[in-house]
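Colleague: Got a structure here, written out as structure tokens. Questions coming.
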Number of protein chains: 2
Amino acid sequence: MLVGYLGPLGTYSHAAALQQYPEEELKPYGTLEAVVEGVKNSEVELAVLPVENSTNGEVRAALDALIAEIGECPEIKAVGEVRVRIAHQLFSRSSNVSQVERIYSHPQVWGQASHWLSSTLPGAKCIDCDSTSQAIERAWEDKNGAAIAGSAAGSVYGIKPLIANVSDRDENTTRFLVLAKQPAPENKQHTMVTFCAAQQDLCKTLEALVSSGVQVTFLTSRPLGTHWTYRYIVEFAGALASEQVREALAKLNQVTPVTVIGAY
Amino acid sequence: MLVGYLGPLGTYSHAAALQQYPEEELKPYGTLEAVVEGVKNSEVELAVLPVENSTNGEVRAALDALIAEIGECPEIKAVGEVRVRIAHQLFSRSSNVSQVERIYSHPQVWGQASHWLSSTLPGAKCIDCDSTSQAIERAWEDKNGAAIAGSAAGSVYGIKPLIANVSDRDENTTRFLVLAKQPAPENKQHTMVTFCAAQQDLCKTLEALVSSGVQVTFLTSRPLGTHWTYRYIVEFAGALASEQVREALAKLNQVTPVTVIGAY
């Protein structure tokens, strides 16, 4: 079975795919959109997609890509979840952290190590890279450079970190959804849905959620780009087949069409 | 009276300050954090802070900075709102758009012109700048460069756009909050609050909102960085002194402490 992930080798997405599917063949993609398209086009049977980090919040670009593709191809669903502990490390050719002038990493990482960076390397310039793996490659070409990346990336390049844990919070975790072209499982513990609502309908949607007694575990909004209408992404504790979730979806559907993203 | 904004000259924050306070002296700051600190330290009486774009959504860094400073100095409140129409323009020394190889702008802009960019300049490299004004300066040093910025930035540098409107959506608007060290006005049309809730308390907070009958016009979440607790930012239609808003705040306060961000 082929499993897609956001490459290159050594990214946290790679770590998620390895953690969940150690026996399967893995296929890297260059962008989050391409990961979802890989499932849509049946190039891979499954893919892992980062959707939320416990420090930084939702991965907007991933959720946007997933929702856009589900719109075109409703067969794509989230059918599982993988949680990966994120322990950022500092990798450098230099053996002395005080010589580091430039730090390379993925933009998502800065917010997860900002306290460490401002206390340890306040003068260093942060340079955005497409991935933490690319960050290591660029840092290796720069004798006063360092990369922030995970231990998986270090393993791929066969190098050890100069400083072992530079995350601001020990419990830094990213959760990934497992995507597949198959119906959302009916018996999983969590259900994720999305719907759109103009400002004047927001209360009606909240009422539908609350009155059905379903336990909401995550709720966020994204603008639709037309004044001022939002897409909401809501996660329930409860199986898709449970009475409460069915009731919540039925009530929500009376206000605005609901799309099931998946269950896991 | 001094009014702070995110500089340099020609940014959209500058345009917002000019639009609302054409007669006042304006003071630029280098970062969003510094804008809020300027109010806290009484260097300026007022400041404008971008909090939401109709295409891109909330300006996370601004909301985070505001909430952090309100935590330390509860006297800071949002006391007004300014809405600025964002009409991005392409500025270039080159007179031929096909010669543009590099595009400079603020990262917030890419998501507001992504369709235009991918259809007109699919091969161009997008380079992040600290501000749209800095983008113009850098584009001027690069003969195959162009900047995406607003007409205010063009006016500051005395240059005309090569292409007049490159925003993906005509109605692209950013709203700014006006900050001051004074109590939130009791009689304005909208009230914004923030509170924290763990997953298991989210439903109780939604119930408090819905049962008070208050009209919710904006609701989003940010992670607190501890597993999995969120800060919610909620906007109501209704004056702070209105019965419904008072009831909603009282009910919310029974679940979790609520901080008033302001009224406008």
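We label chains A, B, ... in the order they appear in the structure tokens, count residues from 1 in each chain, and number ligands from 1 in the order shown.
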Any idea which chain A residues end up within 9 Å of chain B if we count only C-alpha atoms, as a ChimeraX atom specification please?
Modeller: /A:53-58,169,171-173,198-204,206-207,209-211,213-230,232
Colleague: Could you take the residues named above and write them with C-alpha atoms, as an mmCIF file, in the first residue's frame?
Modeller:
data_model
loop_
_atom_site.group_PDB
_atom_site.id
_atom_site.type_symbol
_atom_site.label_atom_id
_atom_site.label_comp_id
_atom_site.auth_asym_id
_atom_site.auth_seq_id
_atom_site.Cartn_x
_atom_site.Cartn_y
_atom_site.Cartn_z
ATOM 1 C CA ASN A 53 -0.219 21.915 16.219
ATOM 2 C CA SER A 54 -0.808 22.244 19.951
ATOM 3 C CA THR A 55 1.315 25.409 20.133
ATOM 4 C CA ASN A 56 0.661 27.126 16.805
ATOM 5 C CA GLY A 57 -2.917 26.118 16.160
ATOM 6 C CA GLU A 58 -4.544 24.916 13.001
ATOM 7 C CA ARG A 169 6.797 23.653 25.336
ATOM 8 C CA GLU A 171 4.132 18.836 25.103
ATOM 9 C CA ASN A 172 4.367 20.278 21.587
ATOM 10 C CA THR A 173 2.336 17.882 19.413
ATOM 11 C CA ALA A 198 -22.927 34.450 7.326
ATOM 12 C CA GLN A 199 -22.695 36.522 10.515
ATOM 13 C CA GLN A 200 -26.465 36.527 10.939
ATOM 14 C CA ASP A 201 -26.640 32.720 10.847
ATOM 15 C CA LEU A 202 -23.790 32.012 13.227
ATOM 16 C CA CYS A 203 -26.018 31.942 16.297
ATOM 17 C CA LYS A 204 -28.420 29.520 14.640
ATOM 18 C CA LEU A 206 -24.277 27.420 17.529
ATOM 19 C CA GLU A 207 -27.818 26.764 18.762
ATOM 20 C CA LEU A 209 -24.788 22.384 18.055
ATOM 21 C CA VAL A 210 -25.632 23.134 21.663
ATOM 22 C CA SER A 211 -29.248 21.935 21.599
ATOM 23 C CA GLY A 213 -26.040 18.017 23.317
ATOM 24 C CA VAL A 214 -23.063 16.990 21.244
ATOM 25 C CA GLN A 215 -19.646 17.634 22.807
ATOM 26 C CA VAL A 216 -17.716 20.156 20.683
ATOM 27 C CA THR A 217 -13.942 19.616 21.030
ATOM 28 C CA PHE A 218 -12.632 22.050 18.410
ATOM 29 C CA LEU A 219 -14.177 25.002 16.629
ATOM 30 C CA THR A 220 -12.495 27.547 14.434
ATOM 31 C CA SER A 221 -13.385 29.891 11.617
ATOM 32 C CA ARG A 222 -11.891 30.919 8.294
ATOM 33 C CA PRO A 223 -13.182 33.797 6.169
ATOM 34 C CA LEU A 224 -14.823 32.908 2.862
ATOM 35 C CA GLY A 225 -13.590 36.105 1.250
ATOM 36 C CA THR A 226 -17.032 37.594 0.788
ATOM 37 C CA HIS A 227 -18.121 40.128 3.382
ATOM 38 C CA TRP A 228 -18.244 38.773 6.229
ATOM 39 C CA THR A 229 -19.096 35.149 5.748
ATOM 40 C CA TYR A 230 -17.120 32.409 7.410
ATOM 41 C CA TYR A 232 -16.484 26.949 10.380
#
Colleague: Identify, on the basis of only C-alpha atoms, every residue whose closest approach to Thr31 (chain B) does not exceed 9 Å; exclude the query and any residue fewer than 5 positions from it along the same chain; express the result as an mmCIF file with C-alpha atoms, in the first residue's frame.
Modeller:
data_model
loop_
_atom_site.group_PDB
_atom_site.id
_atom_site.type_symbol
_atom_site.label_atom_id
_atom_site.label_comp_id
_atom_site.auth_asym_id
_atom_site.auth_seq_id
_atom_site.Cartn_x
_atom_site.Cartn_y
_atom_site.Cartn_z
ATOM 1 C CA LEU B 6 2.500 49.887 12.031
ATOM 2 C CA GLY B 7 4.941 51.723 9.800
ATOM 3 C CA ASP B 130 8.464 43.325 6.584
#
Colleague: I'd like the neighbourhood of Val156 (chain B) as a PyMOL selection string, where a residue qualifies if any of its atoms comes within 7 Å (using only C-alpha atoms), though same-chain residues fewer than 2 positions away should be ignored.
Modeller: chain B and resi 9-10+152-154+158
Colleague: Output N, CA, C and O atoms for every residue in that selection, as a compact mmCIF listing (two decimals), in the first residue's frame.
Modeller:
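That gives us result-v9.txt:
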# COMPACT_ATOMS: atom_id res chain seq x y z
N LEU B 9 5.90 54.61 6.55
CA LEU B 9 4.95 55.37 5.74
C LEU B 9 4.44 54.52 4.58
O LEU B 9 5.20 53.79 3.96
N GLY B 10 3.15 54.62 4.31
CA GLY B 10 2.60 53.98 3.12
C GLY B 10 2.01 52.61 3.34
O GLY B 10 1.48 52.00 2.42
N ALA B 152 -1.56 53.96 -1.21
CA ALA B 152 -0.92 54.85 -0.24
C ALA B 152 0.60 54.73 -0.32
O ALA B 152 1.32 55.73 -0.28
N ALA B 153 1.08 53.49 -0.46
CA ALA B 153 2.52 53.28 -0.57
C ALA B 153 3.05 53.93 -1.84
O ALA B 153 4.11 54.58 -1.84
N GLY B 154 2.32 53.79 -2.94
CA GLY B 154 2.72 54.43 -4.18
C GLY B 154 2.82 55.94 -4.01
O GLY B 154 3.79 56.57 -4.47
N GLY B 158 5.80 58.43 -4.59
CA GLY B 158 5.55 59.23 -5.79
C GLY B 158 5.57 58.43 -7.07
O GLY B 158 6.02 58.90 -8.12
Colleague: What is the distance, in Å and to one decimal place, between CA of Ala62 (chain B) and CA of Lys40 (chain B)?
Modeller: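 Those two atoms sit 14.8 Å apart.
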Colleague: Running DSSP on the backbone, which parts of region 43-131 of chain B land in helix (DSSP H, G or I), as JSON, numbers by chain?
Modeller: {"B": [60, 61, 62, 63, 64, 65, 66, 67, 68, 69, 70, 71, 72, 97, 98, 99, 107, 108, 109, 110, 114, 115, 116, 117, 118, 119, 120]}
Colleague: Using only C-alpha atoms for the distances, tell me which of B:Leu249, B:Val79, B:Cys129, B:Val48 is nearest to Glu186 (chain B).
Modeller: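 Of B:Leu249, B:Val79, B:Cys129, B:Val48, the one nearest Glu186 (chain B), counting only C-alpha atoms, is B:Val79.
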Colleague: For a quick check of understanding, using only C-alpha atoms, which of A:Arg83, A:His88, A:Lys160, A:Lys125 has the smallest distance to Gln108 (chain A)?
Modeller: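 Distance minimum relative to Gln108 (chain A) lands on A:His88.
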Colleague: Can you tell me which residues surround Trp110 (chain B) at a distance of at most 9 Å, considering only C-alpha atoms, apart from same-chain residues fewer than 6 positions away, and format the answer as a ChimeraX atom specification?
Modeller: /B:117,126,148
Colleague: Write the residues of the preceding selection, restricted to N, CA and C atoms, as a PDB file, in the first residue's frame.
Modeller:
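Result file follows (result.pdb):
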ATOM      1  N   LEU B 117      -1.703  36.175  -9.129  1.00  0.00           N
ATOM      2  CA  LEU B 117      -0.295  35.803  -9.282  1.00  0.00           C
ATOM      3  C   LEU B 117      -0.141  34.526 -10.100  1.00  0.00           C
ATOM      4  N   CYS B 126       8.119  34.755  -5.084  1.00  0.00           N
ATOM      5  CA  CYS B 126       7.532  35.689  -4.113  1.00  0.00           C
ATOM      6  C   CYS B 126       8.501  35.851  -2.939  1.00  0.00           C
ATOM      7  N   ILE B 148       3.960  44.324  -4.621  1.00  0.00           N
ATOM      8  CA  ILE B 148       2.505  44.463  -4.473  1.00  0.00           C
ATOM      9  C   ILE B 148       2.275  45.279  -3.204  1.00  0.00           C
TER      10      ILE B 148
END
Colleague: Show which residues sit within 12 Å of Glu33 (chain A), as a ChimeraX atom specification. Count only C-alpha atoms, and ignore same-chain residues fewer than 4 positions away.
Modeller: /A:4-6,29,37-40,47-50,60-70
